[in-house]
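Have a look at model-v2.cif; it's mmCIF, C-alpha atoms:
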```cif
data_data
loop_
_atom_site.label_atom_id
_atom_site.label_comp_id
_atom_site.auth_asym_id
_atom_site.auth_seq_id
_atom_site.Cartn_x
_atom_site.Cartn_y
_atom_site.Cartn_z
CA MET A 1 157.47 156.08 -69.20
CA ASN A 2 159.80 154.64 -66.53
CA GLY A 3 158.68 152.95 -63.34
CA GLY A 4 156.66 149.94 -62.25
CA GLU A 5 153.11 148.82 -61.74
CA TYR A 6 151.63 147.96 -58.33
CA ALA A 7 148.29 146.36 -57.42
CA ILE A 8 146.17 147.74 -54.55
CA GLY A 9 143.06 145.61 -54.13
CA VAL A 10 141.30 145.77 -57.49
CA TRP A 11 143.27 148.81 -58.64
CA SER A 12 146.70 149.05 -60.27
CA LEU A 13 148.96 152.07 -60.38
CA LYS A 14 151.77 152.82 -62.85
CA LEU A 15 154.51 154.80 -61.20
CA ASP A 16 155.81 157.69 -63.26
CA GLN A 17 159.19 158.91 -62.06
CA GLN A 18 158.56 162.31 -63.70
CA HIS A 19 155.69 163.14 -61.32
CA PRO A 20 156.62 161.61 -57.95
CA PHE A 21 154.50 163.94 -55.75
CA TYR A 22 151.32 163.42 -57.77
CA LEU A 23 151.78 159.68 -57.78
CA ARG A 24 152.47 159.51 -54.06
CA PHE A 25 149.20 161.38 -53.52
CA CYS A 26 147.25 159.02 -55.82
CA ALA A 27 148.75 155.96 -54.17
CA ALA A 28 147.78 157.22 -50.71
CA ALA A 29 144.23 158.00 -51.85
CA LEU A 30 143.76 154.59 -53.44
CA PHE A 31 145.18 152.81 -50.39
CA SER A 32 142.80 154.71 -48.07
CA THR A 33 139.86 153.84 -50.29
CA ALA A 34 140.81 150.16 -50.32
CA ILE A 35 141.03 150.07 -46.53
CA ALA A 36 137.64 151.80 -46.19
CA VAL A 37 136.04 149.23 -48.49
CA LEU A 38 137.64 146.40 -46.53
CA PHE A 39 136.29 147.61 -43.19
CA ALA A 40 132.84 148.31 -44.61
CA GLY A 41 132.60 144.76 -45.87
CA CYS A 42 134.01 143.04 -42.79
CA GLY A 43 132.25 144.96 -40.03
CA GLN A 44 129.24 142.64 -39.93
CA GLN A 45 129.33 139.72 -37.53
CA GLY A 46 128.74 136.38 -39.17
CA GLY A 47 129.49 137.67 -42.65
CA SER A 48 125.81 138.34 -43.39
CA LYS A 49 123.89 141.56 -43.88
CA GLU A 50 122.22 142.79 -40.72
CA ALA A 51 118.46 143.22 -40.54
CA THR A 52 117.20 146.72 -41.18
CA VAL A 53 114.68 148.29 -38.82
CA GLU A 54 112.81 151.59 -38.88
CA THR A 55 112.91 153.89 -35.85
CA PRO A 56 109.33 154.45 -34.59
CA ALA A 57 107.89 157.97 -34.76
CA LYS A 58 107.68 159.89 -31.51
CA PRO A 59 104.16 159.78 -29.96
CA SER A 60 102.14 162.97 -30.43
CA GLY A 61 99.39 164.62 -28.42
CA PRO A 62 99.31 165.95 -24.86
CA VAL A 63 101.82 164.65 -22.34
CA LEU A 64 100.22 161.87 -20.29
CA THR A 65 100.77 161.03 -16.63
CA LEU A 66 101.67 157.45 -15.82
CA ASP A 67 99.50 155.93 -13.07
CA PRO A 68 101.65 153.32 -11.25
CA SER A 69 98.54 151.67 -9.78
CA THR A 70 97.34 150.55 -13.24
CA VAL A 71 100.51 149.32 -14.95
CA GLY A 72 100.98 145.76 -16.13
CA SER A 73 103.72 143.76 -17.83
CA ILE A 74 104.61 141.91 -21.04
CA SER A 75 106.94 138.96 -20.69
CA GLY A 76 107.82 135.96 -22.80
CA THR A 77 110.40 133.89 -24.62
CA VAL A 78 112.26 133.89 -27.93
CA LYS A 79 113.47 130.76 -29.71
CA ILE A 80 115.62 130.23 -32.80
CA GLU A 81 115.14 127.10 -34.86
CA GLY A 82 118.02 126.01 -37.05
CA ASN A 83 121.65 127.08 -37.41
CA LEU A 84 123.15 130.50 -38.12
CA LYS A 85 126.55 131.57 -39.42
CA GLN A 86 128.49 132.87 -36.45
CA ILE A 87 131.91 134.16 -35.51
CA THR A 88 132.82 132.82 -32.09
CA GLY A 89 135.70 135.20 -31.43
CA ILE A 90 138.57 137.17 -32.93
CA ILE A 91 141.25 136.36 -30.40
CA SER A 92 144.52 136.23 -32.37
CA PRO A 93 144.74 139.94 -33.33
CA CYS A 94 144.25 140.92 -29.68
CA ALA A 95 147.35 139.32 -28.23
CA LYS A 96 149.76 141.86 -26.85
CA GLY A 97 151.96 143.19 -29.64
CA ALA A 98 149.83 141.69 -32.42
CA ALA A 99 149.38 143.72 -35.58
CA ALA A 100 145.97 145.29 -36.16
CA GLY A 101 143.95 144.69 -39.28
CA ALA A 102 144.08 140.88 -39.34
CA PRO A 103 140.93 139.41 -40.91
CA PRO A 104 138.41 137.65 -38.65
CA PRO A 105 138.08 133.88 -38.75
CA PRO A 106 135.51 132.55 -41.23
CA PRO A 107 131.98 132.16 -39.86
CA THR A 108 130.79 128.65 -39.12
CA GLU A 109 127.32 127.12 -38.93
CA ALA A 110 126.28 126.52 -35.33
CA LYS A 111 123.12 126.16 -33.31
CA ALA A 112 121.99 129.67 -32.50
CA GLU A 113 121.23 130.70 -28.95
CA PRO A 114 118.35 133.18 -28.55
CA ALA A 115 120.67 135.82 -27.08
CA ASN A 116 121.12 139.43 -28.21
CA ILE A 117 117.53 139.70 -29.46
CA VAL A 118 116.01 143.11 -28.73
CA ILE A 119 112.33 143.32 -27.66
CA TYR A 120 110.53 146.67 -27.54
CA LEU A 121 107.22 148.48 -27.97
CA LYS A 122 107.08 149.44 -31.63
CA SER A 123 103.81 151.40 -31.41
CA GLY A 124 100.83 152.10 -29.18
CA LEU A 125 102.55 153.95 -26.35
CA GLY A 126 101.07 157.36 -25.57
CA ASN A 127 103.05 160.55 -25.16
CA TYR A 128 104.41 159.86 -21.69
CA HIS A 129 107.41 161.60 -20.14
CA PHE A 130 110.15 159.38 -18.73
CA ASP A 131 113.16 160.49 -16.74
CA THR A 132 116.55 159.70 -18.25
CA PRO A 133 118.47 157.06 -16.27
CA THR A 134 121.81 158.25 -14.94
CA ASN A 135 123.43 154.82 -14.63
CA PRO A 136 125.86 154.12 -17.50
CA VAL A 137 125.26 151.19 -19.85
CA PRO A 138 128.56 149.29 -20.35
CA LEU A 139 130.09 148.21 -23.68
CA ASP A 140 133.37 146.34 -23.31
CA GLN A 141 136.01 145.33 -25.87
CA LYS A 142 137.47 141.96 -24.94
CA ASN A 143 139.27 139.39 -27.11
CA CYS A 144 138.54 141.65 -30.07
CA THR A 145 134.79 141.35 -29.63
CA TYR A 146 132.23 143.84 -28.38
CA GLN A 147 130.50 142.62 -25.23
CA PRO A 148 127.54 142.60 -25.25
CA HIS A 149 126.84 142.22 -28.97
CA ALA A 150 123.48 144.03 -28.64
CA LEU A 151 122.56 146.59 -26.01
CA ALA A 152 119.84 149.14 -25.37
CA LEU A 153 119.60 152.41 -23.49
CA MET A 154 117.52 155.57 -23.35
CA VAL A 155 118.06 158.93 -25.00
CA ASN A 156 120.85 160.87 -23.23
CA GLN A 157 121.68 157.91 -20.98
CA PRO A 158 125.47 157.47 -20.63
CA LEU A 159 127.17 154.78 -22.71
CA GLU A 160 130.40 153.62 -21.03
CA ILE A 161 132.90 152.05 -23.45
CA GLU A 162 135.81 150.15 -21.89
CA ASN A 163 138.84 148.50 -23.46
CA SER A 164 139.82 145.30 -21.63
CA ASP A 165 142.24 144.23 -24.38
CA PRO A 166 146.03 144.79 -24.36
CA VAL A 167 145.76 146.49 -27.78
CA ALA A 168 144.18 149.71 -29.00
CA HIS A 169 140.72 149.89 -30.57
CA ASN A 170 138.85 152.49 -32.60
CA ILE A 171 135.13 152.64 -31.87
CA HIS A 172 133.21 153.81 -34.95
CA VAL A 173 129.47 154.41 -34.47
CA LEU A 174 127.62 154.28 -37.81
CA SER A 175 124.44 156.08 -36.73
CA LYS A 176 122.05 157.54 -39.31
CA ILE A 177 119.83 159.78 -37.15
CA ASN A 178 122.32 160.76 -34.46
CA PRO A 179 125.72 162.21 -35.43
CA GLN A 180 128.35 159.59 -36.25
CA TRP A 181 131.50 159.50 -34.16
CA ASN A 182 134.62 157.44 -33.65
CA HIS A 183 137.14 157.38 -30.81
CA SER A 184 140.49 155.67 -30.42
CA GLU A 185 140.89 153.85 -27.11
CA PRO A 186 144.34 152.56 -26.12
CA PRO A 187 144.63 149.87 -23.44
CA GLY A 188 144.58 150.95 -19.82
CA VAL A 189 142.84 154.31 -20.27
CA ALA A 190 139.66 155.52 -18.59
CA PRO A 191 136.40 154.41 -20.24
CA ILE A 192 134.92 156.60 -22.97
CA MET A 193 131.57 158.18 -22.08
CA GLU A 194 129.09 158.99 -24.84
CA SER A 195 125.32 159.36 -25.33
CA PHE A 196 122.67 159.71 -28.05
CA SER A 197 120.28 162.67 -28.22
CA LYS A 198 117.61 161.01 -30.41
CA PRO A 199 115.92 157.61 -30.59
CA GLU A 200 117.51 155.27 -33.14
CA LEU A 201 117.39 151.52 -33.61
CA ALA A 202 120.09 149.04 -34.59
CA VAL A 203 122.99 151.51 -34.64
CA HIS A 204 125.95 149.54 -36.02
CA VAL A 205 129.23 149.84 -34.10
CA ILE A 206 132.51 148.58 -35.60
CA CYS A 207 136.21 148.79 -34.80
CA LYS A 208 138.25 150.42 -37.57
CA LEU A 209 141.37 148.57 -36.42
CA HIS A 210 139.97 145.04 -36.17
CA PRO A 211 137.62 143.95 -38.97
CA GLY A 212 134.85 141.69 -37.75
CA MET A 213 134.24 143.48 -34.44
CA SER A 214 130.57 144.39 -34.43
CA ALA A 215 127.84 145.49 -32.03
CA PHE A 216 124.38 147.05 -32.25
CA VAL A 217 123.01 149.83 -30.04
CA PHE A 218 119.30 150.59 -29.64
CA VAL A 219 118.29 154.03 -28.33
CA PHE A 220 114.75 154.51 -27.00
CA ASP A 221 112.73 157.41 -25.56
CA ASN A 222 110.94 155.05 -23.14
CA PRO A 223 112.01 152.24 -20.76
CA TYR A 224 109.98 149.44 -22.38
CA TYR A 225 112.69 147.32 -23.97
CA ALA A 226 114.78 144.27 -23.18
CA VAL A 227 117.74 142.34 -24.61
CA THR A 228 117.59 138.58 -24.27
CA SER A 229 120.31 136.46 -22.72
CA SER A 230 121.05 132.89 -23.83
CA SER A 231 117.82 131.80 -22.10
CA GLY A 232 115.77 133.86 -24.57
CA THR A 233 113.50 135.35 -21.90
CA PHE A 234 112.34 138.98 -21.64
CA ASP A 235 110.18 141.07 -19.30
CA LEU A 236 108.79 144.54 -19.98
CA LYS A 237 107.58 145.89 -16.63
CA GLY A 238 105.44 148.88 -15.70
CA VAL A 239 103.58 149.04 -19.02
CA PRO A 240 100.51 151.34 -18.93
CA PRO A 241 97.17 149.90 -20.12
CA GLY A 242 96.77 149.96 -23.89
CA THR A 243 97.15 148.06 -27.14
CA TYR A 244 100.72 147.69 -28.37
CA THR A 245 102.74 146.29 -31.24
CA VAL A 246 105.68 144.45 -29.69
CA GLU A 247 108.65 143.93 -31.99
CA ALA A 248 111.53 141.45 -31.72
CA TRP A 249 114.76 142.12 -33.67
CA GLN A 250 117.38 139.53 -34.51
CA GLN A 251 120.46 140.64 -36.46
CA GLN A 252 120.35 138.02 -39.22
CA LEU A 253 116.70 136.90 -39.19
CA GLY A 254 114.99 140.30 -39.15
CA THR A 255 111.99 141.39 -37.09
CA GLN A 256 108.70 139.97 -35.88
CA ASP A 257 105.66 141.88 -34.63
CA GLN A 258 102.85 140.83 -32.31
CA VAL A 259 99.88 142.89 -31.09
CA VAL A 260 98.89 142.66 -27.43
CA THR A 261 96.33 144.49 -25.28
CA ILE A 262 97.12 145.16 -21.62
CA ALA A 263 94.26 145.92 -19.23
CA PRO A 264 94.96 147.68 -15.90
CA LYS A 265 97.27 145.56 -13.73
CA GLU A 266 97.30 142.79 -16.34
CA SER A 267 100.28 140.66 -17.36
CA LYS A 268 100.52 139.06 -20.79
CA THR A 269 102.92 136.45 -22.17
CA LEU A 270 104.23 136.32 -25.74
CA SER A 271 106.31 133.79 -27.65
CA PHE A 272 108.50 134.55 -30.66
CA VAL A 273 110.03 131.83 -32.86
CA PHE A 274 112.66 132.70 -35.48
CA LYS A 275 113.58 130.15 -38.14
CA SER A 276 116.86 130.21 -40.02
CA GLY A 277 115.00 129.65 -43.31
CA GLY A 278 112.43 132.37 -42.47
CA SER A 279 110.64 133.51 -39.34
CA SER A 280 107.31 133.11 -37.61
CA GLY A 281 105.70 134.23 -34.40
CA ASP A 282 103.01 132.74 -32.17
#
```
Let me see the file written as structure tokens.
Amino acid sequence: MNGGEYAIGVWSLKLDQQHPFYLRFCAAALFSTAIAVLFAGCGQQGGSKEATVETPAKPSGPVLTLDPSTVGSISGTVKIEGNLKQITGIISPCAKGAAAGAPPPPPTEAKAEPANIVIYLKSGLGNYHFDTPTNPVPLDQKNCTYQPHALALMVNQPLEIENSDPVAHNIHVLSKINPQWNHSEPPGVAPIMESFSKPELAVHVICKLHPGMSAFVFVFDNPYYAVTSSSGTFDLKGVPPGTYTVEAWQQQLGTQDQVVTIAPKESKTLSFVFKSGGSSGD
């Protein structure tokens, strides 16, 4: 047999000059598989596996009417104790004319800010009807990072995806309940508008051109959710009276639950504390 041997990732391929078409096909298939494996492994920010979370079941029973005169609120703070592995940015591949596919910088240990933590009512909410907001929720691509890293919106609410970089991106939404989709977005074009028809939590979003770009989208059928900023504060307003399980999600440290009862017109305060070696809530 004449030819040579080439390595593609963990595979090798012996080229047979007697069957050039077949071998070109095999080489292309193996190369595509290697690239898919690469992106699957590098799409997680910080190099660690993201926390899994189960989408709550839709409330059953008759449709209830919300009485604005009785609603209360749930507010509070989230803290993170210890350091987390983080990627601060993926700037070099996003310079104008830079080649796509460059690996992200290695994650480093740094004090974690309590930002991008999603707070929501996990259970206890009755079968209320809520109008779908018409204002778009923005997701930008800047310096080869998704901004914000975590965002939340309601079912059928518009998601507006913008590209502020001088290079093209490919937004790949890895949803499990809603249909998956991916769109290419060159620089300077109009924002992409999308939406989700069903509730789904922690939908992972990657860029197929720039490994390491990562975001998480939470889709709810009610308005009782919040995403923390660097201050770690949250405020769920207009909550009807009832007993609720409030959940806090952090990408690397998982979830915490607390049960709270809201009387008519009552406001309650909660505090969540995540620890890098485990988690606890008070």
| task | Could you state which residues are captured by the PyMOL selection byres ((chain A and resi 164) around 10) in this file, as a PyMOL selection string? | result | chain A and resi 140-144+161-163+165-168+186-189+191
| query | When the PyMOL selection byres ((chain A and resi 160) around 7) is applied to the file above, which residues end up in the set, as a ChimeraX atom specification? | reply | /A:136-139,158-159,161-162,191-194
| Answer key for the PyMOL selection byres ((chain A and resi 130) around 8), residues as a PyMOL selection string | chain A and resi 128-129+131-132+221-223
Once you have the residues from the selection above, write them out as a PDB file, keeping the file's coordinate frame, restricted to C-alpha atoms.
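Output file out17.pdb is given in full below:
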```pdb
ATOM      1  CA  TYR A 128     104.410 159.860 -21.690  1.00  0.00           C
ATOM      2  CA  HIS A 129     107.410 161.600 -20.140  1.00  0.00           C
ATOM      3  CA  ASP A 131     113.160 160.490 -16.740  1.00  0.00           C
ATOM      4  CA  THR A 132     116.550 159.700 -18.250  1.00  0.00           C
ATOM      5  CA  ASP A 221     112.730 157.410 -25.560  1.00  0.00           C
ATOM      6  CA  ASN A 222     110.940 155.050 -23.140  1.00  0.00           C
ATOM      7  CA  PRO A 223     112.010 152.240 -20.760  1.00  0.00           C
TER       8      PRO A 223
END
```
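Interatomic distance, CA of His169 in chain A to CA of Ala95 in chain A: 12.7 Å.
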| Point-to-point distance from CA of His172 in chain A to CA of Gln252 in chain A, Å rounded to tenths | 20.8 Å
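Here CA of Ala115 in chain A stands at a distance of 17.6 Å from CA of Val203 in chain A.
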| remark: Using only C-alpha atoms, the shortest atom-to-atom distance to Pro133 in chain A among A:Val155, A:Ala226, A:Leu236, A:Val219 belongs to A:Val155
| Within 7 Å of Ser75 in chain A using all atoms listed in the file, minus same-chain residues under 3 positions, as a list in words | Phe234, Asp235, Leu236, Lys268, Thr269 and Leu270 of chain A
| request: Find the residues around Thr261 in chain A up to 9 Å (all atoms listed in the file counted), leave out those fewer than 3 positions away in its own chain, and share them as number ranges by chain. | output: A: 241-245, 268
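Ranking A:Thr134, A:Gln250, A:Ala112, A:Phe218 by their shortest atom-to-atom distance to Lys85 in chain A, with all atoms listed in the file included, puts A:Ala112 first.
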| query | For the point (103.9, 139.8, -30.7) in file coordinates, what residues are within 12 Å, counting all atoms listed in the file? Give the answer as a ChimeraX atom specification? | reply | /A:74-78,119-123,243-249,255-261,268-273,280-282
